[in-house]
$ cat input10.csv   # CSV, C-alpha atoms
chain,number,residue,atom,x,y,z
A,1,MET,CA,-52.3,-10.4,-46.6
A,2,SER,CA,-53.6,-12.8,-43.9
A,3,LYS,CA,-57.1,-14.0,-44.2
A,4,ARG,CA,-59.7,-13.5,-41.5
A,5,PRO,CA,-60.3,-16.7,-39.5
A,6,ALA,CA,-63.5,-18.5,-40.2
A,7,PRO,CA,-66.3,-17.9,-37.7
A,8,ARG,CA,-66.5,-20.3,-34.8
A,9,THR,CA,-69.7,-21.9,-33.7
A,10,LEU,CA,-70.0,-21.2,-29.9
A,11,ALA,CA,-72.7,-22.5,-27.5
A,12,VAL,CA,-74.5,-20.6,-24.9
A,13,LEU,CA,-73.4,-21.9,-21.4
A,14,SER,CA,-75.5,-19.5,-19.3
A,15,SER,CA,-77.4,-16.2,-19.3
A,16,GLN,CA,-77.6,-13.8,-16.4
A,17,ARG,CA,-79.4,-10.5,-15.8
A,18,LEU,CA,-76.8,-8.2,-14.3
A,19,SER,CA,-79.0,-5.2,-13.9
A,20,PRO,CA,-82.1,-3.6,-15.3
A,21,SER,CA,-80.3,-2.7,-18.5
A,22,MET,CA,-77.6,-5.3,-18.9
A,23,ILE,CA,-77.6,-9.0,-19.5
A,24,ARG,CA,-74.5,-11.3,-19.6
A,25,VAL,CA,-74.3,-14.3,-21.9
A,26,THR,CA,-71.5,-16.8,-21.4
A,27,PHE,CA,-70.3,-18.7,-24.5
A,28,GLY,CA,-68.2,-21.9,-24.7
A,29,GLY,CA,-67.9,-25.1,-26.5
A,30,GLU,CA,-65.4,-27.1,-28.5
A,31,ALA,CA,-64.5,-24.2,-30.8
A,32,MET,CA,-63.1,-22.3,-27.8
A,33,ARG,CA,-60.1,-24.6,-27.8
A,34,ASP,CA,-58.2,-22.5,-30.4
A,35,PHE,CA,-59.6,-19.2,-29.2
A,36,PRO,CA,-56.5,-17.0,-28.7
A,37,PRO,CA,-55.8,-15.8,-25.1
A,38,GLY,CA,-55.6,-12.2,-24.0
A,39,PHE,CA,-58.6,-10.7,-25.8
A,40,ALA,CA,-60.7,-9.4,-22.9
A,41,GLY,CA,-61.7,-5.9,-23.9
A,42,GLY,CA,-61.5,-6.9,-27.6
A,43,TYR,CA,-64.5,-7.7,-29.7
A,44,VAL,CA,-66.3,-10.5,-31.6
A,45,LYS,CA,-68.9,-10.4,-34.4
A,46,LEU,CA,-72.2,-12.2,-33.7
A,47,MET,CA,-73.7,-13.7,-36.9
A,48,LEU,CA,-77.4,-13.4,-36.0
A,49,ALA,CA,-78.8,-14.2,-39.4
A,50,PRO,CA,-77.2,-15.3,-42.7
A,51,ALA,CA,-77.4,-13.3,-45.9
A,52,SER,CA,-80.4,-14.2,-48.0
A,53,ALA,CA,-82.2,-13.2,-51.2
A,54,HIS,CA,-84.1,-10.7,-49.1
A,55,GLY,CA,-81.2,-8.9,-47.4
A,56,LYS,CA,-77.7,-8.8,-46.0
A,57,ALA,CA,-76.4,-10.9,-43.1
A,58,VAL,CA,-77.3,-9.6,-39.7
A,59,ILE,CA,-74.1,-9.1,-37.8
A,60,ARG,CA,-73.5,-7.2,-34.5
A,61,THR,CA,-70.3,-6.3,-32.7
A,62,TYR,CA,-69.8,-6.9,-28.9
A,63,THR,CA,-67.0,-6.5,-26.4
A,64,ILE,CA,-65.5,-9.5,-24.6
A,65,ARG,CA,-66.0,-8.6,-20.9
A,66,HIS,CA,-64.2,-11.6,-19.5
A,67,GLN,CA,-62.1,-14.3,-21.1
A,68,HIS,CA,-61.9,-17.6,-19.2
A,69,ALA,CA,-59.9,-20.7,-20.2
A,70,GLU,CA,-62.8,-22.2,-22.1
A,71,ALA,CA,-65.4,-19.5,-22.2
A,72,ILE,CA,-66.1,-15.8,-22.9
A,73,ASP,CA,-68.6,-13.4,-21.4
A,74,LEU,CA,-70.4,-10.8,-23.5
A,75,ASP,CA,-72.5,-8.1,-21.8
A,76,PHE,CA,-75.5,-6.7,-23.8
A,77,ALA,CA,-76.8,-3.3,-23.0
A,78,LEU,CA,-80.6,-3.4,-23.2
A,79,HIS,CA,-82.2,-0.3,-24.7
A,80,GLY,CA,-85.5,-2.0,-24.5
A,81,GLY,CA,-89.0,-1.5,-26.0
A,82,ALA,CA,-89.4,-0.8,-29.7
A,83,ALA,CA,-85.7,0.2,-29.8
A,84,ALA,CA,-84.5,-3.3,-29.1
A,85,GLY,CA,-82.5,-4.6,-32.0
A,86,PRO,CA,-81.8,-8.2,-33.2
A,87,ALA,CA,-78.9,-8.7,-30.8
A,88,THR,CA,-80.9,-7.5,-27.8
A,89,ARG,CA,-83.7,-9.8,-28.7
A,90,TRP,CA,-81.4,-12.7,-29.2
A,91,ALA,CA,-79.7,-12.1,-25.9
A,92,LEU,CA,-83.0,-11.9,-24.0
A,93,ASN,CA,-84.0,-15.3,-25.4
A,94,ALA,CA,-80.7,-17.1,-25.2
A,95,LYS,CA,-80.7,-20.3,-23.3
A,96,PRO,CA,-78.0,-23.0,-22.6
A,97,GLY,CA,-77.4,-25.1,-25.6
A,98,ASP,CA,-78.2,-22.4,-28.2
A,99,THR,CA,-75.4,-22.0,-30.8
A,100,ILE,CA,-74.3,-19.0,-32.8
A,101,ALA,CA,-71.5,-18.3,-35.3
A,102,VAL,CA,-69.0,-15.8,-33.9
A,103,GLY,CA,-66.3,-14.0,-35.9
A,104,GLY,CA,-63.1,-12.6,-34.5
A,105,PRO,CA,-61.7,-11.8,-32.0
A,106,GLY,CA,-60.6,-8.3,-32.7
A,107,VAL,CA,-57.9,-6.6,-30.7
A,108,PRO,CA,-58.6,-4.7,-27.5
A,109,LYS,CA,-58.1,-0.9,-27.3
A,110,PRO,CA,-56.4,-0.5,-23.9
A,111,LEU,CA,-55.4,2.7,-22.2
A,112,PRO,CA,-51.8,3.7,-23.1
A,113,GLU,CA,-49.2,3.2,-20.4
A,114,GLY,CA,-47.2,5.7,-18.4
A,115,ARG,CA,-49.6,8.7,-18.5
A,116,ASP,CA,-50.1,11.1,-15.5
A,117,PHE,CA,-53.8,11.3,-15.8
A,118,TYR,CA,-56.5,9.4,-17.7
A,119,LEU,CA,-59.8,10.9,-19.0
A,120,ILE,CA,-62.4,8.2,-19.8
A,121,ALA,CA,-65.9,8.4,-21.0
A,122,GLY,CA,-68.6,6.0,-22.3
A,123,ASP,CA,-72.1,4.8,-22.2
A,124,MET,CA,-73.3,1.3,-21.4
A,125,THR,CA,-72.2,-0.1,-24.8
A,126,ALA,CA,-68.7,0.8,-23.7
A,127,LEU,CA,-69.0,-0.3,-20.1
A,128,PRO,CA,-67.5,-3.8,-20.7
A,129,ALA,CA,-64.3,-2.3,-22.4
A,130,ILE,CA,-64.1,0.5,-19.8
A,131,SER,CA,-64.3,-2.1,-17.0
A,132,VAL,CA,-61.5,-4.2,-18.5
A,133,ASN,CA,-59.3,-1.1,-19.0
A,134,LEU,CA,-59.8,0.3,-15.5
A,135,ALA,CA,-58.9,-3.0,-14.0
A,136,ALA,CA,-55.7,-3.1,-16.0
A,137,LEU,CA,-54.4,0.3,-14.8
A,138,PRO,CA,-51.6,0.2,-12.3
A,139,ALA,CA,-52.5,0.8,-8.6
A,140,ASP,CA,-51.0,4.3,-8.6
A,141,ALA,CA,-52.9,5.5,-11.7
A,142,CYS,CA,-54.9,8.8,-11.5
A,143,GLY,CA,-57.8,9.8,-13.7
A,144,PHE,CA,-61.5,10.6,-14.1
A,145,ALA,CA,-64.1,8.4,-15.7
A,146,ALA,CA,-67.6,9.5,-16.7
A,147,ILE,CA,-69.9,6.6,-17.4
A,148,GLU,CA,-73.5,7.0,-18.6
A,149,ILE,CA,-76.0,4.4,-17.4
A,150,GLN,CA,-79.8,4.0,-17.8
A,151,ASP,CA,-80.7,3.3,-14.2
A,152,GLU,CA,-79.0,3.8,-10.8
A,153,ALA,CA,-79.2,0.0,-10.4
A,154,ASP,CA,-77.0,-0.4,-13.5
A,155,ARG,CA,-73.9,0.5,-11.6
A,156,PRO,CA,-71.6,-2.5,-11.5
A,157,ASP,CA,-68.8,-3.1,-9.0
A,158,LEU,CA,-65.6,-2.0,-10.8
A,159,VAL,CA,-62.0,-2.6,-10.0
A,160,VAL,CA,-60.6,0.9,-10.0
A,161,PRO,CA,-57.3,2.4,-8.7
A,162,GLU,CA,-57.8,4.6,-5.7
A,163,GLY,CA,-56.7,7.7,-7.7
A,164,VAL,CA,-59.3,7.3,-10.4
A,165,THR,CA,-62.7,9.0,-9.7
A,166,VAL,CA,-65.8,7.5,-11.4
A,167,GLU,CA,-68.9,9.6,-12.0
A,168,TRP,CA,-72.1,7.8,-12.8
A,169,LEU,CA,-74.5,9.7,-15.1
A,170,VAL,CA,-78.0,8.3,-15.1
A,171,ASN,CA,-79.9,8.8,-18.4
A,172,PRO,CA,-82.9,6.6,-19.0
A,173,GLU,CA,-83.1,7.6,-22.7
A,174,PRO,CA,-79.8,6.7,-24.3
A,175,GLY,CA,-78.8,8.8,-27.3
A,176,GLN,CA,-81.0,11.8,-26.2
A,177,ARG,CA,-78.4,13.8,-24.3
A,178,PRO,CA,-75.2,14.2,-26.4
A,179,ASP,CA,-73.6,16.8,-24.0
A,180,LEU,CA,-73.9,14.6,-20.9
A,181,LEU,CA,-70.5,12.9,-21.1
A,182,VAL,CA,-68.5,15.8,-22.4
A,183,ASP,CA,-69.9,18.2,-19.7
A,184,ALA,CA,-68.8,15.7,-17.0
A,185,LEU,CA,-65.3,15.6,-18.4
A,186,ARG,CA,-65.1,19.3,-18.5
A,187,THR,CA,-65.7,19.4,-14.8
A,188,ALA,CA,-62.4,17.5,-14.3
A,189,GLY,CA,-60.6,20.5,-15.9
A,190,ARG,CA,-57.2,20.0,-17.5
A,191,PRO,CA,-55.0,18.1,-15.1
A,192,ASP,CA,-51.2,18.6,-15.0
A,193,GLY,CA,-48.9,16.2,-16.7
A,194,ARG,CA,-49.3,14.0,-19.8
A,195,LEU,CA,-52.9,13.0,-20.5
A,196,ALA,CA,-54.5,10.1,-22.2
A,197,GLY,CA,-58.1,9.9,-23.3
A,198,TRP,CA,-60.4,6.9,-24.0
A,199,ALA,CA,-64.0,7.4,-25.1
A,200,ALA,CA,-66.7,5.3,-26.8
A,201,CYS,CA,-70.4,5.9,-26.9
A,202,GLU,CA,-73.3,7.0,-29.2
A,203,PHE,CA,-72.2,8.9,-32.3
A,204,SER,CA,-73.4,12.4,-31.4
A,205,SER,CA,-71.9,12.1,-28.0
A,206,MET,CA,-68.6,10.9,-29.5
A,207,ARG,CA,-68.4,14.0,-31.7
A,208,LYS,CA,-68.8,16.3,-28.7
A,209,LEU,CA,-66.1,14.4,-26.8
A,210,ARG,CA,-63.8,14.4,-29.8
A,211,ASP,CA,-64.1,18.2,-30.1
A,212,TYR,CA,-63.1,18.5,-26.5
A,213,LEU,CA,-60.4,15.8,-26.2
A,214,ARG,CA,-58.8,16.4,-29.6
A,215,GLY,CA,-59.7,20.0,-30.1
A,216,ASP,CA,-59.6,21.7,-26.7
A,217,LEU,CA,-57.1,19.4,-24.9
A,218,GLY,CA,-54.9,18.7,-28.0
A,219,LEU,CA,-54.7,14.9,-27.5
A,220,GLY,CA,-53.1,13.2,-30.5
A,221,ALA,CA,-53.4,9.6,-31.8
A,222,ALA,CA,-50.9,8.2,-29.4
A,223,ASP,CA,-52.8,9.6,-26.4
A,224,LEU,CA,-56.4,9.1,-27.6
A,225,TYR,CA,-58.8,6.3,-28.5
A,226,ILE,CA,-62.2,7.5,-29.5
A,227,SER,CA,-65.0,5.7,-31.3
A,228,SER,CA,-68.8,5.7,-31.8
A,229,TYR,CA,-70.2,2.3,-31.0
A,230,TRP,CA,-73.7,3.1,-32.2
A,231,LYS,CA,-75.9,5.9,-33.5
A,232,HIS,CA,-79.4,6.7,-32.2
A,233,GLY,CA,-82.1,5.6,-34.7
A,234,LEU,CA,-79.7,3.6,-37.0
A,235,VAL,CA,-78.9,-0.1,-37.2
A,236,GLU,CA,-75.2,-1.2,-37.2
A,237,ASP,CA,-74.8,-1.2,-41.0
A,238,GLU,CA,-76.2,2.3,-41.3
A,239,HIS,CA,-74.1,3.5,-38.4
A,240,LYS,CA,-71.0,2.1,-40.1
A,241,GLN,CA,-71.7,4.2,-43.2
A,242,VAL,CA,-72.1,7.4,-41.1
A,243,LYS,CA,-69.0,6.5,-39.1
A,244,ARG,CA,-67.0,6.0,-42.3
A,245,ALA,CA,-68.1,9.3,-43.8
A,246,ASP,CA,-67.3,11.1,-40.5
A,247,ALA,CA,-63.8,9.5,-40.5
A,248,GLU,CA,-63.2,10.6,-44.1
A,249,ALA,CA,-64.3,14.1,-43.2
A,250,GLN,CA,-61.8,14.1,-40.3
A,251,GLY,CA,-59.0,12.9,-42.6
A,252,VAL,CA,-58.6,9.6,-40.7
$ encode --input "input10.csv" --output "C-alpha coordinates"
Amino acid sequence: MSKRPAPRTLAVLSSQRLSPSMIRVTFGGEAMRDFPPGFAGGYVKLMLAPASAHGKAVIRTYTIRHQHAEAIDLDFALHGGAAAGPATRWALNAKPGDTIAVGGPGVPKPLPEGRDFYLIAGDMTALPAISVNLAALPADACGFAAIEIQDEADRPDLVVPEGVTVEWLVNPEPGQRPDLLVDALRTAGRPDGRLAGWAACEFSSMRKLRDYLRGDLGLGAADLYISSYWKHGLVEDEHKQVKRADAEAQGV
(Lines of atoms letter the chains of each structure in order from A and count residues from 1; the text may use other names and numbers.)
(Lines give C-alpha, C1' and ligand atoms only; values in the text may rest on other atoms or scores of the structure.)
Protein backbone atom coordinates (compact mmCIF):
# COMPACT_ATOMS: atom_id res chain seq x y z
CA MET A 1 0.00 0.00 0.00
CA SER A 2 1.43 3.39 -0.99
CA LYS A 3 2.02 5.86 1.77
CA ARG A 4 0.50 9.31 1.81
CA PRO A 5 3.00 11.96 0.74
CA ALA A 6 4.39 14.11 3.52
CA PRO A 7 2.68 17.51 3.87
CA ARG A 8 4.26 20.34 1.91
CA THR A 9 5.00 23.72 3.44
CA LEU A 10 3.44 26.34 1.18
CA ALA A 11 3.68 30.11 1.42
CA VAL A 12 0.88 32.63 1.03
CA LEU A 13 1.47 34.66 -2.13
CA SER A 14 -1.65 36.81 -1.98
CA SER A 15 -5.11 37.16 -0.45
CA GLN A 16 -8.13 38.60 -2.23
CA ARG A 17 -11.70 39.25 -1.08
CA LEU A 18 -13.83 37.93 -3.94
CA SER A 19 -17.23 38.78 -2.51
CA PRO A 20 -18.93 39.44 0.84
CA SER A 21 -18.75 35.73 1.67
CA MET A 22 -15.67 34.42 -0.15
CA ILE A 23 -11.96 35.05 0.13
CA ARG A 24 -9.24 33.59 -2.12
CA VAL A 25 -5.77 32.75 -0.87
CA THR A 26 -3.03 31.90 -3.36
CA PHE A 27 -0.29 29.53 -2.22
CA GLY A 28 3.11 28.89 -3.75
CA GLY A 29 6.73 28.42 -2.83
CA GLU A 30 9.52 25.96 -3.42
CA ALA A 31 7.37 22.96 -2.42
CA MET A 32 5.09 23.56 -5.43
CA ARG A 33 7.83 22.25 -7.71
CA ASP A 34 6.73 18.63 -7.21
CA PHE A 35 3.01 19.35 -6.83
CA PRO A 36 1.31 17.03 -9.36
CA PRO A 37 -0.54 18.70 -12.26
CA GLY A 38 -4.22 18.35 -13.05
CA PHE A 39 -5.69 18.67 -9.55
CA ALA A 40 -8.00 21.68 -9.97
CA GLY A 41 -11.26 20.59 -8.35
CA GLY A 42 -9.40 18.22 -6.04
CA TYR A 43 -8.62 19.03 -2.44
CA VAL A 44 -5.87 19.68 0.07
CA LYS A 45 -5.68 19.43 3.85
CA LEU A 46 -4.63 22.57 5.71
CA MET A 47 -2.69 21.82 8.89
CA LEU A 48 -3.87 24.76 10.97
CA ALA A 49 -2.45 23.59 14.30
CA PRO A 50 -0.40 20.53 15.33
CA ALA A 51 -1.54 17.91 17.80
CA SER A 52 -0.66 18.67 21.40
CA ALA A 53 -1.19 17.35 24.90
CA HIS A 54 -4.41 19.37 24.96
CA GLY A 55 -5.99 18.07 21.76
CA LYS A 56 -5.85 16.69 18.23
CA ALA A 57 -4.31 18.45 15.27
CA VAL A 58 -6.59 21.03 13.64
CA ILE A 59 -6.94 20.12 9.96
CA ARG A 60 -9.44 21.44 7.43
CA THR A 61 -10.19 20.34 3.86
CA TYR A 62 -10.42 22.79 0.94
CA THR A 63 -10.94 22.52 -2.81
CA ILE A 64 -8.31 23.67 -5.28
CA ARG A 65 -10.13 26.30 -7.34
CA HIS A 66 -7.28 26.97 -9.79
CA GLN A 67 -3.96 25.29 -10.32
CA HIS A 68 -1.21 27.33 -11.92
CA ALA A 69 2.31 26.26 -12.88
CA GLU A 70 3.72 27.26 -9.50
CA ALA A 71 0.68 28.12 -7.35
CA ILE A 72 -2.80 27.02 -6.27
CA ASP A 73 -5.85 29.08 -5.33
CA LEU A 74 -8.11 28.08 -2.45
CA ASP A 75 -11.47 29.83 -1.96
CA PHE A 76 -12.79 30.08 1.62
CA ALA A 77 -16.52 30.48 2.24
CA LEU A 78 -17.00 32.90 5.13
CA HIS A 79 -19.87 31.99 7.43
CA GLY A 80 -18.81 34.84 9.68
CA GLY A 81 -19.54 35.94 13.23
CA ALA A 82 -19.35 33.45 16.04
CA ALA A 83 -19.70 30.64 13.47
CA ALA A 84 -16.30 31.42 11.98
CA GLY A 85 -14.04 28.40 12.39
CA PRO A 86 -10.23 28.14 12.54
CA ALA A 87 -9.80 28.00 8.75
CA THR A 88 -11.98 31.08 8.24
CA ARG A 89 -10.05 32.98 10.88
CA TRP A 90 -6.77 31.87 9.36
CA ALA A 91 -7.81 32.94 5.84
CA LEU A 92 -9.03 36.36 7.01
CA ASN A 93 -5.64 37.03 8.61
CA ALA A 94 -3.42 35.43 5.95
CA LYS A 95 -0.76 37.72 4.49
CA PRO A 96 2.04 37.22 1.95
CA GLY A 97 4.93 35.30 3.45
CA ASP A 98 2.84 33.29 5.92
CA THR A 99 3.47 29.55 5.66
CA ILE A 100 1.32 26.51 6.35
CA ALA A 101 1.70 22.73 6.03
CA VAL A 102 -0.59 21.34 3.34
CA GLY A 103 -1.48 17.67 2.83
CA GLY A 104 -2.61 16.06 -0.41
CA PRO A 105 -3.67 16.68 -3.06
CA GLY A 106 -6.75 14.47 -3.22
CA VAL A 107 -8.31 13.57 -6.53
CA PRO A 108 -11.04 15.73 -8.13
CA LYS A 109 -14.63 14.50 -8.48
CA PRO A 110 -15.56 15.55 -12.04
CA LEU A 111 -18.86 15.15 -13.78
CA PRO A 112 -19.04 11.91 -15.78
CA GLU A 113 -18.73 12.20 -19.54
CA GLY A 114 -21.33 11.52 -22.17
CA ARG A 115 -24.55 12.21 -20.28
CA ASP A 116 -27.59 13.86 -21.85
CA PHE A 117 -28.38 16.10 -18.87
CA TYR A 118 -26.55 17.13 -15.70
CA LEU A 119 -28.20 18.00 -12.38
CA ILE A 120 -25.84 19.90 -10.08
CA ALA A 121 -26.39 21.32 -6.60
CA GLY A 122 -24.20 22.85 -3.93
CA ASP A 123 -23.62 25.66 -1.47
CA MET A 124 -20.65 28.02 -1.24
CA THR A 125 -18.35 25.35 0.17
CA ALA A 126 -18.87 23.44 -3.09
CA LEU A 127 -18.74 26.46 -5.38
CA PRO A 128 -15.01 26.02 -6.21
CA ALA A 129 -15.53 22.39 -7.30
CA ILE A 130 -18.75 23.22 -9.17
CA SER A 131 -16.97 26.06 -10.99
CA VAL A 132 -14.21 23.72 -12.14
CA ASN A 133 -16.68 21.04 -13.23
CA LEU A 134 -18.93 23.39 -15.17
CA ALA A 135 -15.96 24.85 -17.03
CA ALA A 136 -14.82 21.33 -18.00
CA LEU A 137 -18.14 20.36 -19.63
CA PRO A 138 -18.25 20.22 -23.43
CA ALA A 139 -19.78 23.24 -25.17
CA ASP A 140 -22.91 21.26 -26.14
CA ALA A 141 -23.66 19.97 -22.63
CA CYS A 142 -27.13 20.47 -21.14
CA GLY A 143 -28.08 20.68 -17.50
CA PHE A 144 -29.35 22.57 -14.49
CA ALA A 145 -27.30 23.83 -11.54
CA ALA A 146 -28.73 25.12 -8.27
CA ILE A 147 -26.13 27.03 -6.25
CA GLU A 148 -26.80 28.43 -2.77
CA ILE A 149 -25.02 31.67 -1.90
CA GLN A 150 -25.24 33.95 1.13
CA ASP A 151 -25.53 37.29 -0.66
CA GLU A 152 -26.53 38.35 -4.16
CA ALA A 153 -23.05 39.85 -4.52
CA ASP A 154 -21.51 36.38 -4.00
CA ARG A 155 -22.40 35.38 -7.57
CA PRO A 156 -19.14 34.78 -9.46
CA ASP A 157 -18.66 34.85 -13.22
CA LEU A 158 -18.78 31.20 -14.26
CA VAL A 159 -17.76 29.49 -17.48
CA VAL A 160 -20.93 27.57 -18.31
CA PRO A 161 -22.11 25.86 -21.51
CA GLU A 162 -25.05 27.62 -23.14
CA GLY A 163 -27.29 24.63 -22.48
CA VAL A 164 -26.74 24.65 -18.71
CA THR A 165 -29.05 26.85 -16.63
CA VAL A 166 -27.72 28.17 -13.32
CA GLU A 167 -30.15 29.20 -10.59
CA TRP A 168 -28.70 31.23 -7.73
CA LEU A 169 -30.40 30.75 -4.36
CA VAL A 170 -29.69 33.44 -1.77
CA ASN A 171 -29.69 32.21 1.82
CA PRO A 172 -27.97 34.49 4.36
CA GLU A 173 -28.08 31.75 7.01
CA PRO A 174 -26.24 28.70 5.65
CA GLY A 175 -27.39 25.39 7.08
CA GLN A 176 -30.82 26.70 8.05
CA ARG A 177 -32.83 25.76 4.93
CA PRO A 178 -32.13 22.10 4.06
CA ASP A 179 -34.91 21.93 1.42
CA LEU A 180 -33.65 24.88 -0.61
CA LEU A 181 -31.41 23.00 -3.04
CA VAL A 182 -33.57 19.94 -3.54
CA ASP A 183 -36.67 22.05 -4.16
CA ALA A 184 -34.76 23.90 -6.89
CA LEU A 185 -33.73 20.63 -8.55
CA ARG A 186 -37.29 19.38 -8.47
CA THR A 187 -38.31 22.37 -10.59
CA ALA A 188 -36.09 21.03 -13.37
CA GLY A 189 -38.25 17.90 -13.51
CA ARG A 190 -36.86 14.68 -14.94
CA PRO A 191 -35.24 15.44 -18.28
CA ASP A 192 -35.14 12.82 -21.02
CA GLY A 193 -32.04 10.76 -21.67
CA ARG A 194 -29.26 9.56 -19.43
CA LEU A 195 -28.78 11.73 -16.35
CA ALA A 196 -25.84 12.46 -14.08
CA GLY A 197 -25.96 14.18 -10.72
CA TRP A 198 -23.34 16.01 -8.65
CA ALA A 199 -24.12 17.51 -5.25
CA ALA A 200 -22.09 18.71 -2.28
CA CYS A 201 -23.30 20.88 0.57
CA GLU A 202 -24.30 20.91 4.24
CA PHE A 203 -25.17 17.49 5.70
CA SER A 204 -28.94 17.94 6.10
CA SER A 205 -29.24 19.38 2.60
CA MET A 206 -27.17 16.49 1.25
CA ARG A 207 -29.57 13.93 2.70
CA LYS A 208 -32.55 15.64 1.05
CA LEU A 209 -30.71 15.72 -2.27
CA ARG A 210 -29.67 12.08 -1.94
CA ASP A 211 -33.27 11.01 -1.36
CA TYR A 212 -34.25 12.78 -4.56
CA LEU A 213 -31.31 11.97 -6.83
CA ARG A 214 -30.76 8.39 -5.71
CA GLY A 215 -34.27 7.54 -4.52
CA ASP A 216 -36.65 9.38 -6.84
CA LEU A 217 -34.48 9.60 -9.96
CA GLY A 218 -32.72 6.27 -9.46
CA LEU A 219 -29.18 7.51 -10.11
CA GLY A 220 -26.55 4.91 -9.29
CA ALA A 221 -22.89 5.17 -8.37
CA ALA A 222 -21.70 5.61 -11.96
CA ASP A 223 -24.02 8.57 -12.47
CA LEU A 224 -23.95 10.30 -9.09
CA TYR A 225 -21.43 12.00 -6.83
CA ILE A 226 -22.92 13.25 -3.59
CA SER A 227 -21.21 14.36 -0.40
CA SER A 228 -21.67 16.54 2.65
CA TYR A 229 -18.82 19.02 3.05
CA TRP A 230 -19.92 20.24 6.50
CA LYS A 231 -22.67 20.01 9.09
CA HIS A 232 -24.26 22.98 10.77
CA GLY A 233 -23.09 23.30 14.38
CA LEU A 234 -20.22 20.77 14.10
CA VAL A 235 -16.49 21.10 13.48
CA GLU A 236 -14.88 18.99 10.77
CA ASP A 237 -13.88 16.07 13.01
CA GLU A 238 -17.39 15.83 14.44
CA HIS A 239 -18.88 16.06 10.95
CA LYS A 240 -16.65 13.20 9.80
CA GLN A 241 -18.06 10.96 12.53
CA VAL A 242 -21.64 11.78 11.55
CA LYS A 243 -20.78 11.34 7.88
CA ARG A 244 -19.18 7.95 8.53
CA ALA A 245 -22.17 6.73 10.50
CA ASP A 246 -24.52 7.90 7.76
CA ALA A 247 -22.48 6.11 5.09
CA GLU A 248 -22.53 2.89 7.12
CA ALA A 249 -26.30 3.18 7.51
CA GLN A 250 -26.55 3.53 3.73
CA GLY A 251 -24.38 0.46 3.22
CA VAL A 252 -21.65 2.44 1.49
$ closest_residue --input "input10.csv" --among "A:Ala184, A:Leu134, A:Ala141, A:Val25" --to "Trp168 of chain A" --atoms "only C-alpha atoms"
A:Ala184
$ closest_residue --input "input10.csv" --among "A:Pro128, A:Gly103, A:Gly85, A:Gly55" --to "Arg24 of chain A" --atoms "only C-alpha atoms"
A:Pro128
$ closest_residue --input "input10.csv" --among "A:Arg177, A:Arg17, A:Lys243, A:Lys231" --to "Glu202 of chain A" --atoms "all atoms listed in the file"
A:Lys231
$ closest_residue --input "input10.csv" --among "A:Asp75, A:Asp123, A:Asp151, A:Asp140" --to "Ser227 of chain A" --atoms "all atoms listed in the file"
A:Asp123
$ closest_residue --input "input10.csv" --among "A:Pro5, A:Gly104, A:Gly215, A:Pro20" --to "Leu46 of chain A" --atoms "all atoms listed in the file"
A:Gly104
$ atom_distance --input "input10.csv" --atom1 "atom CA of Pro172 of chain A" --atom2 "atom CA of Gly143 of chain A"
25.9 Å
$ residues_around --input "input10.csv" --residues "Leu213 of chain A" --least-positions-apart "6" --cutoff "12 Å" --atoms "all atoms listed in the file" --output "PyMOL selection string"
chain A and resi 118-121+181-183+185-186+189-190+195-199+206-207+219-221+223-226
